[in-house]
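Source file: input_31.cif; contents: mmCIF, C-alpha atoms and all ligand atoms.
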```
data_query
loop_
_atom_site.label_atom_id
_atom_site.label_comp_id
_atom_site.auth_asym_id
_atom_site.auth_seq_id
_atom_site.Cartn_x
_atom_site.Cartn_y
_atom_site.Cartn_z
CA MET A 1 72.63 -24.26 147.76
CA ASN A 2 75.40 -26.74 148.38
CA LYS A 3 76.52 -26.03 151.93
CA LEU A 4 79.75 -27.99 151.60
CA LEU A 5 80.75 -25.85 148.65
CA SER A 6 79.54 -22.53 149.99
CA PHE A 7 81.17 -22.75 153.41
CA PRO A 8 84.82 -22.39 152.32
CA LEU A 9 83.87 -19.66 149.88
CA THR A 10 82.11 -17.76 152.64
CA LEU A 11 85.16 -18.16 154.85
CA ILE A 12 87.47 -16.86 152.14
CA ALA A 13 85.13 -13.93 151.55
CA ALA A 14 85.06 -13.19 155.26
CA VAL A 15 88.82 -13.21 155.63
CA THR A 16 89.33 -11.11 152.53
CA CYS A 17 86.71 -8.56 153.44
CA LEU A 18 87.66 -8.31 157.12
CA ALA A 19 91.17 -7.40 156.10
CA SER A 20 89.86 -4.86 153.64
CA CYS A 21 87.38 -3.38 156.11
CA SER A 22 89.84 -2.73 158.87
CA ALA A 23 93.12 -2.01 157.15
CA GLN A 24 92.88 -0.50 153.70
CA ASP A 25 91.01 2.29 152.03
CA ALA A 26 88.43 0.92 149.63
CA PRO A 27 88.31 2.51 146.19
CA ILE A 28 86.25 5.67 146.09
CA ASP A 29 84.98 7.77 143.25
CA ALA A 30 86.29 11.14 142.09
CA ASN A 31 84.30 13.00 144.72
CA GLY A 32 85.75 10.89 147.49
CA ALA A 33 82.39 9.43 148.34
CA SER A 34 80.05 6.68 147.34
CA SER A 35 76.77 8.16 146.27
CA ASP A 36 73.39 7.13 144.95
CA SER A 37 70.15 8.62 143.76
CA SER A 38 68.59 9.04 147.20
CA GLY A 39 71.38 11.13 148.63
CA VAL A 40 72.89 9.20 151.55
CA SER A 41 76.48 9.80 150.57
CA LYS A 42 79.53 9.04 152.67
CA SER A 43 83.10 8.11 151.93
CA GLU A 44 84.15 4.55 152.67
CA SER A 45 86.37 5.80 155.50
CA GLU A 46 83.41 7.66 157.03
CA TRP A 47 81.36 4.46 156.90
CA ARG A 48 84.18 2.55 158.61
CA GLU A 49 84.36 5.09 161.42
CA GLU A 50 80.61 5.10 162.03
CA LEU A 51 79.63 1.46 161.66
CA PRO A 52 80.41 -1.45 163.94
CA HIS A 53 82.94 -3.76 162.34
CA MET A 54 80.48 -6.47 161.30
CA ALA A 55 78.00 -3.95 159.87
CA CYS A 56 80.80 -2.39 157.82
CA PHE A 57 81.87 -5.82 156.59
CA VAL A 58 78.34 -6.67 155.39
CA LEU A 59 77.01 -3.30 154.22
CA ARG A 60 80.11 -1.84 152.61
CA GLU A 61 82.15 -4.93 151.68
CA LYS A 62 79.21 -7.18 150.70
CA GLY A 63 80.26 -9.68 153.34
CA THR A 64 78.14 -12.44 154.87
CA GLU A 65 77.95 -13.10 158.59
CA ARG A 66 78.21 -16.73 159.69
CA ALA A 67 74.86 -18.50 160.00
CA PHE A 68 73.33 -18.60 163.51
CA THR A 69 75.69 -15.89 164.78
CA GLY A 70 73.70 -12.68 164.19
CA ASP A 71 71.32 -10.90 166.54
CA TYR A 72 68.12 -11.43 164.58
CA TRP A 73 67.91 -14.94 163.06
CA ASP A 74 66.03 -16.10 166.19
CA HIS A 75 64.42 -12.78 167.06
CA HIS A 76 60.64 -12.63 167.45
CA GLU A 77 59.69 -9.16 168.71
CA LYS A 78 57.22 -7.06 166.77
CA GLY A 79 58.61 -4.03 165.03
CA VAL A 80 60.60 -2.75 162.09
CA TYR A 81 64.04 -3.74 160.88
CA GLN A 82 65.92 -0.68 159.68
CA CYS A 83 69.11 -0.36 157.66
CA ALA A 84 72.06 -0.37 160.10
CA GLY A 85 73.78 2.11 157.82
CA CYS A 86 71.20 4.83 157.26
CA GLY A 87 68.13 3.98 159.37
CA HIS A 88 65.66 3.49 156.52
CA ALA A 89 62.88 1.01 157.28
CA LEU A 90 63.51 -2.16 155.28
CA PHE A 91 61.65 -5.14 156.73
CA ASP A 92 58.73 -5.72 159.06
CA SER A 93 58.45 -8.43 161.71
CA ASP A 94 55.04 -9.34 160.22
CA HIS A 95 56.85 -10.68 157.13
CA LYS A 96 59.57 -12.61 158.99
CA PHE A 97 59.51 -16.42 158.97
CA GLU A 98 61.54 -19.35 160.25
CA SER A 99 63.74 -20.38 157.35
CA GLY A 100 66.10 -22.60 159.33
CA THR A 101 69.08 -21.00 157.57
CA GLY A 102 70.49 -19.08 160.55
CA TRP A 103 69.86 -15.70 158.91
CA PRO A 104 66.81 -13.47 159.41
CA SER A 105 64.43 -14.26 156.57
CA PHE A 106 61.46 -12.31 155.22
CA PHE A 107 58.98 -13.15 152.48
CA GLN A 108 58.75 -9.51 151.39
CA PRO A 109 60.21 -6.07 152.20
CA ALA A 110 58.31 -3.66 154.44
CA GLU A 111 55.61 -1.62 152.76
CA GLY A 112 57.21 1.33 150.99
CA ALA A 113 60.75 0.12 151.74
CA SER A 114 63.44 1.29 149.35
CA ILE A 115 65.19 -1.86 148.29
CA THR A 116 67.22 -2.48 145.16
CA GLU A 117 67.76 -5.92 143.71
CA HIS A 118 70.33 -6.88 141.14
CA GLU A 119 71.91 -10.04 139.79
CA ASP A 120 75.10 -11.10 141.50
CA ASP A 121 77.37 -13.60 139.74
CA SER A 122 80.11 -13.65 142.38
CA TRP A 123 81.54 -16.92 143.73
CA GLY A 124 80.36 -18.81 140.65
CA MET A 125 76.71 -18.57 141.67
CA ARG A 126 73.89 -16.60 140.12
CA ARG A 127 72.02 -14.92 142.95
CA VAL A 128 69.97 -11.76 143.33
CA GLU A 129 71.62 -9.28 145.66
CA VAL A 130 69.47 -7.07 147.91
CA LEU A 131 70.65 -3.54 148.68
CA CYS A 132 69.33 -0.58 150.65
CA SER A 133 68.34 1.95 147.99
CA ALA A 134 69.02 4.87 150.30
CA CYS A 135 72.67 4.23 151.14
CA GLY A 136 73.61 1.45 148.72
CA GLY A 137 74.46 -0.91 151.58
CA HIS A 138 74.53 -4.65 150.86
CA LEU A 139 71.87 -6.49 152.88
CA GLY A 140 71.86 -10.07 151.58
CA HIS A 141 70.18 -12.00 148.77
CA VAL A 142 66.67 -12.95 147.69
CA PHE A 143 65.81 -16.50 146.63
CA GLU A 144 62.69 -17.99 145.06
CA ASP A 145 62.16 -20.72 147.64
CA GLY A 146 60.21 -18.75 150.24
CA PRO A 147 56.76 -19.36 151.68
CA ARG A 148 53.42 -18.02 150.53
CA PRO A 149 52.15 -15.51 149.62
CA THR A 150 55.22 -14.33 147.67
CA GLY A 151 57.34 -17.47 147.33
CA LEU A 152 60.36 -15.29 148.05
CA ARG A 153 62.99 -15.59 150.76
CA TYR A 154 64.90 -12.43 151.57
CA CYS A 155 67.97 -13.84 153.32
CA ILE A 156 69.38 -10.85 155.19
CA ASN A 157 72.41 -10.41 157.43
CA SER A 158 71.56 -9.38 161.01
CA ALA A 159 74.55 -7.05 160.98
CA ALA A 160 72.94 -5.02 158.17
CA LEU A 161 69.82 -4.45 160.29
CA LYS A 162 68.86 -2.43 163.33
CA PHE A 163 65.62 -3.45 165.06
CA GLU A 164 63.12 -0.87 166.25
CA ALA A 165 60.54 -2.49 168.56
CA ASP A 166 56.87 -1.54 168.28
CA SER A 167 55.43 -2.03 171.76
CA THR A 168 51.91 -1.15 170.57
CA ARG A 169 51.84 -4.13 168.26
CA SER A 170 53.28 -6.47 170.90
CA GLU A 171 50.34 -5.65 173.14
CA GLU A 172 47.86 -6.10 170.32
CA ILE A 173 48.88 -9.69 169.63
CA GLN A 174 48.79 -10.85 173.24
CA GLY A 175 45.13 -11.75 172.94
CA ILE A 176 45.64 -13.85 169.83
CA ARG A 177 45.94 -17.58 170.23
CA PHE A 178 48.30 -19.54 168.02
CA ASP A 179 47.10 -23.12 167.95
ZN ZN A 201 70.71 2.15 154.14
#
```
Now, as a test, write the supplied structure out as structure tokens.
Amino acid sequence: MNKLLSFPLTLIAAVTCLASCSAQDAPIDANGASSDSSGVSKSESEWREELPHMACFVLREKGTERAFTGDYWDHHEKGVYQCAGCGHALFDSDHKFESGTGWPSFFQPAEGASITEHEDDSWGMRRVEVLCSACGGHLGHVFEDGPRPTGLRYCINSAALKFEADSTRSEEIQGIRFD
């Protein structure tokens, strides 16, 4: 991706969505709630009350946090990354890798994770958006320039994630040498 081109677009998106997240009611359907097949259904105003501002901006407004600013791009503990909106397990630390992008990056979703992918043509770019299937929250995008074994790079916003440490696994890997 062309960073010079994408930066101003990201900034515009951030300003637009921040205003929308904090000030106005987003459009809602006839039932007053956003809903999906798996049943986590809340109105946009309920989401805004429950979620931290940045999580709301990413999950509900499809925003993107600035690179190198989130909690998890340089996070190396063992455990599971859950959806910050609904708590569903989405990614596993075993599948995380150093992408150098400033966003947490995974080469595959956690086993059994409910993730939806669909094509996103916004901002003049064709990308594949990644969403939490349970609550419909926007997580980030998936690109085909990741490492083996999948060749995929799930580029996910830290603000869309909530890390749950697995102390058992941390102890297990202490005896392993990386050299
Ligand atoms: Zn969710």
- Given a cut-off of 8 Å, what residues near ligand ZN 201 (chain A) show up using only C-alpha atoms and all ligand atoms, put as a ChimeraX atom specification? /A:40,82-88,131-137
If you take all atoms listed in the file and a cut-off of 12 Å, which residues of stretch 116-164 of chain A touch stretch 49-53 of chain A, and what are their nearest atom pairs and distances in Å to one decimal, in chain and number order, as a tab-separated table?
```
residue	atom	partner	partner_atom	distance
A:Gly137	CA	A:Leu51	CA	11.6
A:Ala159	CA	A:Pro52	CA	8.6
A:Ala160	CA	A:Leu51	CA	9.9
A:Leu161	CA	A:Leu51	CA	11.5
A:Lys162	CA	A:Leu51	CA	11.6
```
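Of the listed residues A:Leu152, A:Met54, A:Leu139, A:Val130, the one whose atoms come nearest to A:Gln108 is A:Leu152, with distances taken using all atoms listed in the file.
Restricting the calculation to all atoms listed in the file, the smallest distance between A:Ala165 and any of A:Phe106, A:Tyr72, A:Tyr81, A:Phe143 is found for A:Tyr81.
Take the candidates A:Asp145, A:Gly140, A:Trp73, A:Asp94 and check each one against A:Arg60 using only C-alpha atoms; the shortest distance goes to A:Gly140.
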- Note on the structure: In Å and to one decimal, atom CA of A:His141 is distant from atom CA of A:Tyr154 by 6.0 Å
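Take atom CA of A:Thr168 and atom CA of A:Val142: the distance between them is 29.7 Å.
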- Task: Starting from the point (64.2, -23.9, 159.8), work out which residues of protein, DNA or RNA have an atom no more than 12 Å away when counting only C-alpha atoms; state them as a count of residues only.
- Result: 15
- Using all atoms listed in the file, the shortest atom-to-atom distance to A:His95 among A:Arg153, A:Ile115, A:Ser158, A:Glu65 belongs to A:Arg153
How big is the axis-aligned box around the listed atoms of stretch 45-50 of chain A once 4 Å is added on each side, and where is its centre? Give both in Å to one decimal, as lines of an AutoDock Vina configuration file.
```
center_x = 83.5
center_y = 5.1
center_z = 158.8
size_x = 13.8
size_y = 13.1
size_z = 14.5
```
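With only C-alpha atoms as the basis for measurement, A:Asp71 is the residue among A:Ser41, A:Lys96, A:Ala110, A:Asp71 that approaches A:Ala55 most closely.
One finds atom CA of A:Leu90 at 18.5 Å from atom CA of A:Gly63.
Comparing the minimum interatomic distances between A:Glu129 and each of A:Thr69, A:Ser167, A:Thr64, A:Ser93, counting only C-alpha atoms, we find that A:Thr64 sits nearest.
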- Item | Protein, DNA and RNA residues within 8 Å of (72.0, -9.3, 142.0), all atoms listed in the file, as a PyMOL selection string | chain A and resi 117-121+126-130+141
